[in-house]
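File shown: start11.tsv (TSV, C-alpha atoms).
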```tsv
chain	number	residue	atom	x	y	z
A	250	MET	CA	0.00	0.00	0.00
A	251	THR	CA	1.27	3.45	-0.88
A	252	TYR	CA	0.09	6.94	0.01
A	253	LYS	CA	1.02	10.56	-0.59
A	254	THR	CA	1.45	13.25	2.03
A	255	HIS	CA	3.13	16.61	2.56
A	256	GLY	CA	5.95	16.77	5.08
A	257	ILE	CA	8.85	18.73	6.54
A	258	ILE	CA	12.09	16.93	7.36
A	259	LEU	CA	12.91	17.06	11.08
A	260	ARG	CA	16.10	14.99	10.96
A	261	HIS	CA	17.83	12.15	9.15
A	262	SER	CA	20.39	9.45	9.85
A	263	ASP	CA	22.51	7.34	7.51
A	264	TRP	CA	21.77	3.62	7.38
A	265	GLN	CA	24.00	1.01	5.79
A	266	ASP	CA	26.01	2.04	2.71
A	267	TYR	CA	23.68	4.22	0.63
A	268	ASN	CA	20.43	4.55	2.53
A	269	ARG	CA	19.10	7.26	4.81
A	270	ILE	CA	16.25	7.26	7.32
A	271	TYR	CA	14.22	10.47	7.41
A	272	THR	CA	11.97	11.63	10.21
A	273	LEU	CA	9.22	13.83	8.81
A	274	LEU	CA	6.47	15.92	10.28
A	275	THR	CA	3.56	15.31	7.93
A	276	ARG	CA	0.40	17.33	7.57
A	277	ASP	CA	-2.10	14.49	7.90
A	278	ARG	CA	-0.18	11.66	9.61
A	279	GLY	CA	1.92	13.44	12.20
A	280	LYS	CA	5.53	12.51	12.78
A	281	MET	CA	6.78	9.46	10.92
A	282	SER	CA	9.99	7.78	9.78
A	283	ALA	CA	10.74	6.34	6.36
A	284	ILE	CA	13.82	4.99	4.63
A	285	ALA	CA	15.06	6.45	1.33
A	286	ARG	CA	17.00	3.66	-0.33
A	287	GLY	CA	20.06	4.58	-2.36
A	288	VAL	CA	19.63	8.28	-1.69
A	289	ARG	CA	23.30	8.69	-0.75
A	290	ARG	CA	24.51	7.47	-4.12
A	291	ILE	CA	26.09	10.20	-6.26
A	292	LYS	CA	23.59	9.66	-9.06
A	293	SER	CA	20.54	9.66	-6.80
A	294	LYS	CA	17.73	11.84	-8.18
A	295	GLN	CA	15.97	12.03	-4.83
A	296	SER	CA	18.74	13.56	-2.73
A	297	SER	CA	18.25	17.06	-4.14
A	298	LYS	CA	14.52	16.91	-3.30
A	299	LEU	CA	15.07	15.89	0.32
A	300	ARG	CA	16.41	19.23	1.55
A	301	PRO	CA	16.08	20.44	5.12
A	302	PHE	CA	13.45	23.13	5.78
A	303	SER	CA	11.48	22.43	2.59
A	304	VAL	CA	7.87	21.37	2.29
A	305	ILE	CA	7.88	18.21	0.20
A	306	GLU	CA	5.26	15.89	-1.23
A	307	VAL	CA	6.33	12.31	-0.65
A	308	MET	CA	5.08	8.97	-1.84
A	309	ILE	CA	5.37	6.44	0.98
A	310	ALA	CA	5.18	2.67	0.64
A	311	ASN	CA	4.18	0.74	3.77
A	312	GLY	CA	6.77	-1.71	5.03
A	313	ARG	CA	6.74	-4.43	7.66
A	314	LYS	CA	9.35	-2.78	9.88
A	315	ILE	CA	9.74	0.68	8.38
A	316	ASP	CA	8.03	2.51	5.54
A	317	THR	CA	9.91	3.36	2.35
A	318	LEU	CA	10.14	6.87	0.97
A	319	ALA	CA	9.61	6.12	-2.71
A	320	THR	CA	9.52	9.60	-4.29
A	321	ALA	CA	9.76	13.23	-3.20
A	322	GLU	CA	8.86	16.50	-4.89
A	323	THR	CA	9.50	20.01	-3.57
A	324	VAL	CA	6.27	21.92	-2.87
A	325	LYS	CA	7.69	24.97	-1.12
A	326	ASP	CA	11.30	25.97	-0.52
A	327	PHE	CA	12.81	28.36	2.01
A	328	PRO	CA	16.29	29.09	0.58
A	329	GLY	CA	16.86	32.08	2.85
A	330	VAL	CA	17.03	29.81	5.87
A	331	MET	CA	20.30	28.34	4.59
A	332	ASP	CA	21.87	31.74	3.82
A	333	ASN	CA	22.21	32.96	7.41
A	334	LEU	CA	24.01	30.95	10.09
A	335	LEU	CA	21.87	32.29	12.94
A	336	VAL	CA	18.64	31.66	11.03
A	337	LEU	CA	19.85	28.16	10.15
A	338	GLY	CA	20.43	27.50	13.84
A	339	LEU	CA	17.03	28.90	14.86
A	340	ALA	CA	15.18	26.94	12.17
A	341	SER	CA	17.02	23.81	13.33
A	342	PHE	CA	16.01	24.67	16.90
A	343	CYS	CA	12.35	24.72	15.84
A	344	THR	CA	12.52	21.38	14.02
A	345	GLU	CA	14.46	19.74	16.86
A	346	LEU	CA	11.92	21.01	19.38
A	347	VAL	CA	9.01	19.63	17.36
A	348	ASP	CA	10.82	16.31	17.09
A	349	ALA	CA	11.45	16.22	20.85
A	350	LEU	CA	7.90	17.10	21.88
A	351	THR	CA	5.86	14.99	19.47
A	352	ARG	CA	5.32	11.27	19.11
A	353	GLU	CA	5.08	9.29	15.89
A	354	GLY	CA	1.65	8.64	14.44
A	355	GLU	CA	-0.18	11.45	16.23
A	356	ALA	CA	-1.44	13.78	13.53
A	357	ASP	CA	-1.87	17.44	14.44
A	358	ALA	CA	-2.29	19.86	11.56
A	359	LYS	CA	-1.81	22.81	13.92
A	360	VAL	CA	1.73	21.70	14.78
A	361	TYR	CA	2.52	21.21	11.10
A	362	HIS	CA	1.25	24.65	10.07
A	363	LEU	CA	2.98	26.29	13.04
A	364	LEU	CA	6.33	24.87	11.93
A	365	GLU	CA	5.77	25.76	8.29
A	366	GLU	CA	4.83	29.34	9.24
A	367	SER	CA	7.95	29.72	11.38
A	368	LEU	CA	10.19	28.55	8.53
A	369	ALA	CA	8.52	31.01	6.16
A	370	HIS	CA	9.16	33.78	8.68
A	371	PHE	CA	12.87	32.96	8.96
A	372	ASP	CA	13.11	32.77	5.18
A	373	CYS	CA	11.86	36.34	4.64
A	374	ARG	CA	13.15	37.95	7.87
A	375	ARG	CA	16.68	36.52	7.87
A	376	GLN	CA	18.30	39.97	7.96
A	377	GLU	CA	16.27	41.06	10.97
A	378	ASN	CA	17.82	42.00	14.33
A	379	PRO	CA	19.35	38.85	15.89
A	380	ASP	CA	17.60	39.36	19.24
A	381	GLN	CA	14.28	39.73	17.44
A	382	LEU	CA	14.88	36.48	15.56
A	383	LYS	CA	15.81	34.64	18.75
A	384	ALA	CA	12.71	35.94	20.53
A	385	PHE	CA	10.56	34.74	17.62
A	386	ALA	CA	12.05	31.24	17.88
A	387	TRP	CA	11.20	31.07	21.57
A	388	PHE	CA	7.73	32.45	20.92
A	389	PHE	CA	7.33	29.58	18.45
A	390	ALA	CA	8.29	27.28	21.33
A	391	LEU	CA	5.64	28.88	23.54
A	392	LYS	CA	2.94	28.47	20.86
A	393	LEU	CA	4.02	24.88	20.30
A	394	LEU	CA	3.39	24.19	23.99
A	395	ASP	CA	-0.05	25.78	23.61
A	396	VAL	CA	-0.96	23.53	20.67
A	397	LEU	CA	0.29	20.42	22.48
A	398	GLY	CA	-1.88	21.15	25.50
A	399	TYR	CA	0.70	22.79	27.78
A	400	LYS	CA	-0.61	26.36	27.61
A	401	ALA	CA	0.93	28.51	30.36
A	402	ASP	CA	-1.23	30.84	32.45
A	403	PHE	CA	0.44	34.21	33.01
A	404	ALA	CA	-2.68	36.04	34.23
A	405	LYS	CA	-3.40	34.44	37.61
A	406	CYS	CA	-2.03	31.93	40.10
A	407	VAL	CA	-2.45	28.46	38.61
A	408	SER	CA	-3.06	27.11	42.11
A	409	CYS	CA	-5.66	29.45	43.59
A	410	GLY	CA	-6.57	31.98	40.89
A	411	ASP	CA	-5.07	34.99	42.70
A	412	PHE	CA	-4.30	37.74	40.19
A	413	ASN	CA	-1.39	38.96	42.35
A	414	ALA	CA	0.93	36.28	41.03
A	415	VAL	CA	4.47	37.25	40.05
A	416	ASN	CA	6.46	34.01	40.43
A	417	LEU	CA	6.84	31.80	37.35
A	418	SER	CA	6.67	28.06	37.98
A	419	PRO	CA	7.74	25.86	35.06
A	420	MET	CA	6.56	22.71	36.84
A	421	ASN	CA	3.08	24.16	37.32
A	422	GLY	CA	2.87	25.76	33.88
A	423	GLY	CA	2.32	29.37	34.81
A	424	VAL	CA	2.56	31.96	37.56
A	425	LEU	CA	2.00	31.45	41.27
A	426	CYS	CA	1.18	33.81	44.11
A	427	ALA	CA	3.54	34.19	47.07
A	428	LYS	CA	1.49	31.73	49.15
A	429	HIS	CA	1.80	28.88	46.67
A	430	SER	CA	5.31	29.52	45.34
A	431	ASP	CA	8.13	27.12	45.97
A	432	LYS	CA	11.09	29.34	46.84
A	433	ASN	CA	13.52	26.86	45.31
A	434	GLU	CA	11.71	26.75	41.99
A	435	ALA	CA	10.03	30.15	41.59
A	436	ILE	CA	11.34	32.55	38.96
A	437	ARG	CA	10.56	36.12	39.89
A	438	VAL	CA	8.96	38.02	37.00
A	439	ASN	CA	9.13	41.82	37.06
A	440	GLU	CA	6.04	43.89	36.36
A	441	ALA	CA	7.00	44.81	32.79
A	442	GLY	CA	8.00	41.24	31.98
A	443	LEU	CA	4.74	39.84	33.31
A	444	ALA	CA	2.72	42.40	31.35
A	445	PHE	CA	4.60	41.42	28.17
A	446	LEU	CA	3.98	37.71	28.76
A	447	GLN	CA	0.29	38.37	29.28
A	448	GLU	CA	0.13	40.52	26.14
A	449	VAL	CA	1.82	38.06	23.79
A	450	SER	CA	0.42	34.80	25.17
A	451	SER	CA	-2.71	35.09	23.03
A	452	MET	CA	-0.93	36.37	19.91
A	453	LYS	CA	-0.41	34.48	16.68
A	454	LEU	CA	3.05	34.01	15.19
A	455	SER	CA	2.33	36.68	12.58
A	456	GLU	CA	1.31	39.19	15.26
A	457	PHE	CA	4.38	38.57	17.38
A	458	ALA	CA	6.56	38.95	14.28
A	459	GLU	CA	5.45	42.56	13.90
A	460	LEU	CA	6.48	43.61	17.41
A	461	ALA	CA	9.56	45.78	17.90
A	462	ILE	CA	11.34	44.21	20.86
A	463	GLU	CA	14.34	45.78	22.55
A	464	PRO	CA	17.39	43.49	22.95
A	465	ASN	CA	17.15	43.41	26.76
A	466	SER	CA	13.43	42.68	26.60
A	467	ALA	CA	14.07	39.86	24.11
A	468	LYS	CA	16.68	38.29	26.41
A	469	GLU	CA	14.35	38.61	29.39
A	470	PHE	CA	11.48	37.04	27.44
A	471	ILE	CA	13.68	34.07	26.48
A	472	SER	CA	14.79	33.63	30.11
A	473	TYR	CA	11.14	33.19	31.10
A	474	ILE	CA	10.09	30.89	28.24
A	475	ARG	CA	13.13	28.58	28.26
A	476	PRO	CA	12.37	26.87	31.61
A	477	LEU	CA	8.72	26.45	30.61
A	478	VAL	CA	9.87	24.52	27.55
A	479	PHE	CA	12.64	22.48	29.11
A	480	VAL	CA	10.44	21.08	31.86
A	481	HIS	CA	8.85	18.98	29.09
A	482	LEU	CA	12.14	17.72	27.61
A	483	ASN	CA	14.21	14.73	28.66
A	484	SER	CA	17.52	16.23	27.52
A	485	ASP	CA	19.18	19.39	26.25
A	486	LEU	CA	18.77	20.49	22.65
A	487	LYS	CA	21.81	20.15	20.39
A	488	THR	CA	20.85	23.33	18.56
A	489	GLU	CA	21.17	25.36	21.75
A	490	ARG	CA	24.85	24.47	21.92
A	491	PHE	CA	25.23	25.41	18.25
A	492	LEU	CA	23.50	28.76	18.76
A	493	ALA	CA	25.66	29.50	21.79
A	494	ALA	CA	28.79	28.94	19.72
A	495	ILE	CA	28.00	31.36	16.87
```
As structure tokens, please, write out the structure in this file.
Amino acid sequence: MTYKTHGIILRHSDWQDYNRIYTLLTRDRGKMSAIARGVRRIKSKQSSKLRPFSVIEVMIANGRKIDTLATAETVKDFPGVMDNLLVLGLASFCTELVDALTREGEADAKVYHLLEESLAHFDCRRQENPDQLKAFAWFFALKLLDVLGYKADFAKCVSCGDFNAVNLSPMNGGVLCAKHSDKNEAIRVNEAGLAFLQEVSSMKLSEFAELAIEPNSAKEFISYIRPLVFVHLNSDLKTERFLAAI
């Protein structure tokens, strides 16, 4: 049995002499893995179609142990992502995060479109201020948590509903009042930072992209979002080390 679907490559790994296993985020089947046989051969016609950060239409053949990626055609390309080292790192951060937070076989069109929209943003905004680009990547991470059911509450204490909550609790997924805060875990959020979190939490990617964010505000925003994301991960992200080195 074969089927067609649209997908974005999240990662790949070489297998045996000329084969490669691709992990894709597909629009209608969620995350999946498939093997492209012979794709590492010099004369392979498929290798040029299986580019990172491209939307591709693939023909998949069901296999007993692993499906086979039979053909691939480029639907939408984002060449600008590859032209800027920082943007390349941030786009890789987004794909790695999606890979880390999703399971195979669980289709979610919202996750797919969120990732595609973020790649399109990096493609056309690659010359933007670096702090602005980094903030956008972490806002993507925040929206990804929302879509996956981990929406953070920045308006009131997640324990009692008190609106005088200024301590961020990654474990509890939002802010806590003084009464319910764990001193060892609480991250104090200043008034301006809390107001910004509340303002952007309901925004779409396109709306956040139009904000003019000062460098210090961008760094502060990232410092609040990062622990909210990492509480759901089992390990560090390789792309964070790459981004720290450039």
Which one is closest to Gln381 in chain A: A:Ile495, A:Ala401, A:Ala467, A:Leu273? Count all atoms listed in the file.
A:Ala467
Give me the residues within 7 Å of Gly279 in chain A as a ChimeraX atom specification, counting all atoms listed in the file and dropping any in the same chain fewer than 4 places off.
/A:274-275,353-357
Contacts of range 358-369 of chain A within 6 Å, all atoms listed in the file, excl. fewer than 2 positions in-chain, as a list in words
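Within the cut-off, the hits are Arg276, Phe371 and Asp372 of chain A.
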What are the closest atom pairs, with distances in Å to one decimal, for all residues of range 336-438 of chain A lying within 9 Å of range 483-486 of chain A? Consider only C-alpha atoms, order rows by chain and residue number, and present the result as CSV.
```
residue,atom,partner,partner_atom,distance
A:Phe342,CA,A:Leu486,CA,7.6
A:Glu345,CA,A:Leu486,CA,7.3
A:Leu346,CA,A:Leu486,CA,7.6
A:Ala349,CA,A:Asn483,CA,8.4
```
Counting all atoms listed in the file, which of A:Leu425, A:Ser455, A:His255, A:His481 gets nearest to Phe412 in chain A?
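The answer is A:Leu425, which sits nearest to Phe412 in chain A.
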Between CA of Ser293 in chain A and CA of Gln265 in chain A, what is the distance, to one decimal in Å?
15.7 Å
What's the 10 Å shell around Thr488 in chain A, counting only C-alpha atoms, without same-chain residues fewer than 5 positions away, as an MDAnalysis selection string?
chainID A and resid 337:346 493:494
Need to verify the contact set: range 431-443 of chain A, 8 Å, all atoms listed in the file, exclusion of same-chain residues closer than 3 positions in sequence. Can you return it as a VMD selection string?
chain A and resid 403 415 to 418 446 to 447 466 469 to 470 473
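As for CA of Asp402 in chain A and CA of Glu489 in chain A, they are spaced 25.4 Å apart.
Minimum atom-to-atom distance to Lys392 in chain A, evaluated using all atoms listed in the file, belongs to A:Lys453 out of A:Arg375, A:Arg352, A:Lys453, A:His261.
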What is the distance, in Å and to one decimal place, between CA of Asn268 in chain A and CA of Ala310 in chain A?
15.5 Å
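Nearest residue to His370 in chain A among A:Asn421, A:Leu477, A:Leu454, A:Lys314 is A:Leu454, counting only C-alpha atoms.
With distances taken over all atoms listed in the file, A:Val478 is the one residue among A:Val478, A:Ala319, A:Val324, A:Val336 lying closest to Leu350 in chain A.
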Which residue out of A:Thr323, A:Glu377, A:Ile315, A:Gly410 has the minimum interatomic distance to Ala461 in chain A when all atoms listed in the file are used?
A:Glu377
Glu322 in chain A environment, 6 Å, all atoms listed in the file, sequence neighbours closer than 2 positions dropped, as a list in words
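After dropping sequence-adjacent residues, the list is Lys298, Ile305 and Glu306 of chain A.
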Is it possible to add N, CA and C atoms to range 335-353 of chain A and hand it back as a JSON list (two decimals), keeping the file's coordinate frame?
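part.json written:
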```json
[["chain", "number", "residue", "atom", "x", "y", "z"],
["A", 335, "LEU", "N", 22.76, 32.19, 11.79],
["A", 335, "LEU", "CA", 21.87, 32.29, 12.94],
["A", 335, "LEU", "C", 20.48, 31.75, 12.60],
["A", 336, "VAL", "N", 19.95, 32.13, 11.45],
["A", 336, "VAL", "CA", 18.64, 31.66, 11.03],
["A", 336, "VAL", "C", 18.64, 30.14, 10.85],
["A", 337, "LEU", "N", 19.71, 29.61, 10.29],
["A", 337, "LEU", "CA", 19.85, 28.16, 10.15],
["A", 337, "LEU", "C", 19.77, 27.49, 11.51],
["A", 338, "GLY", "N", 20.46, 28.06, 12.49],
["A", 338, "GLY", "CA", 20.43, 27.50, 13.84],
["A", 338, "GLY", "C", 19.05, 27.59, 14.47],
["A", 339, "LEU", "N", 18.36, 28.72, 14.27],
["A", 339, "LEU", "CA", 17.03, 28.90, 14.86],
["A", 339, "LEU", "C", 15.98, 28.00, 14.19],
["A", 340, "ALA", "N", 16.08, 27.85, 12.87],
["A", 340, "ALA", "CA", 15.18, 26.94, 12.17],
["A", 340, "ALA", "C", 15.42, 25.50, 12.63],
["A", 341, "SER", "N", 16.69, 25.15, 12.83],
["A", 341, "SER", "CA", 17.02, 23.81, 13.33],
["A", 341, "SER", "C", 16.50, 23.62, 14.75],
["A", 342, "PHE", "N", 16.56, 24.69, 15.55],
["A", 342, "PHE", "CA", 16.01, 24.67, 16.90],
["A", 342, "PHE", "C", 14.52, 24.33, 16.86],
["A", 343, "CYS", "N", 13.79, 24.95, 15.96],
["A", 343, "CYS", "CA", 12.35, 24.72, 15.84],
["A", 343, "CYS", "C", 12.05, 23.27, 15.44],
["A", 344, "THR", "N", 12.78, 22.75, 14.45],
["A", 344, "THR", "CA", 12.52, 21.38, 14.02],
["A", 344, "THR", "C", 12.93, 20.38, 15.09],
["A", 345, "GLU", "N", 14.03, 20.65, 15.80],
["A", 345, "GLU", "CA", 14.46, 19.74, 16.86],
["A", 345, "GLU", "C", 13.45, 19.74, 18.00],
["A", 346, "LEU", "N", 12.90, 20.91, 18.30],
["A", 346, "LEU", "CA", 11.92, 21.01, 19.38],
["A", 346, "LEU", "C", 10.65, 20.24, 19.03],
["A", 347, "VAL", "N", 10.18, 20.38, 17.80],
["A", 347, "VAL", "CA", 9.01, 19.63, 17.36],
["A", 347, "VAL", "C", 9.28, 18.13, 17.45],
["A", 348, "ASP", "N", 10.46, 17.72, 17.03],
["A", 348, "ASP", "CA", 10.82, 16.31, 17.09],
["A", 348, "ASP", "C", 10.82, 15.81, 18.54],
["A", 349, "ALA", "N", 11.34, 16.63, 19.45],
["A", 349, "ALA", "CA", 11.45, 16.22, 20.85],
["A", 349, "ALA", "C", 10.11, 16.16, 21.57],
["A", 350, "LEU", "N", 9.16, 16.99, 21.14],
["A", 350, "LEU", "CA", 7.90, 17.10, 21.88],
["A", 350, "LEU", "C", 6.72, 16.35, 21.26],
["A", 351, "THR", "N", 6.95, 15.72, 20.12],
["A", 351, "THR", "CA", 5.86, 14.99, 19.47],
["A", 351, "THR", "C", 6.19, 13.51, 19.37],
["A", 352, "ARG", "N", 5.15, 12.71, 19.26],
["A", 352, "ARG", "CA", 5.32, 11.27, 19.11],
["A", 352, "ARG", "C", 4.86, 10.83, 17.72],
["A", 353, "GLU", "N", 5.42, 9.76, 17.24],
["A", 353, "GLU", "CA", 5.08, 9.29, 15.89],
["A", 353, "GLU", "C", 3.62, 8.83, 15.83]]
```
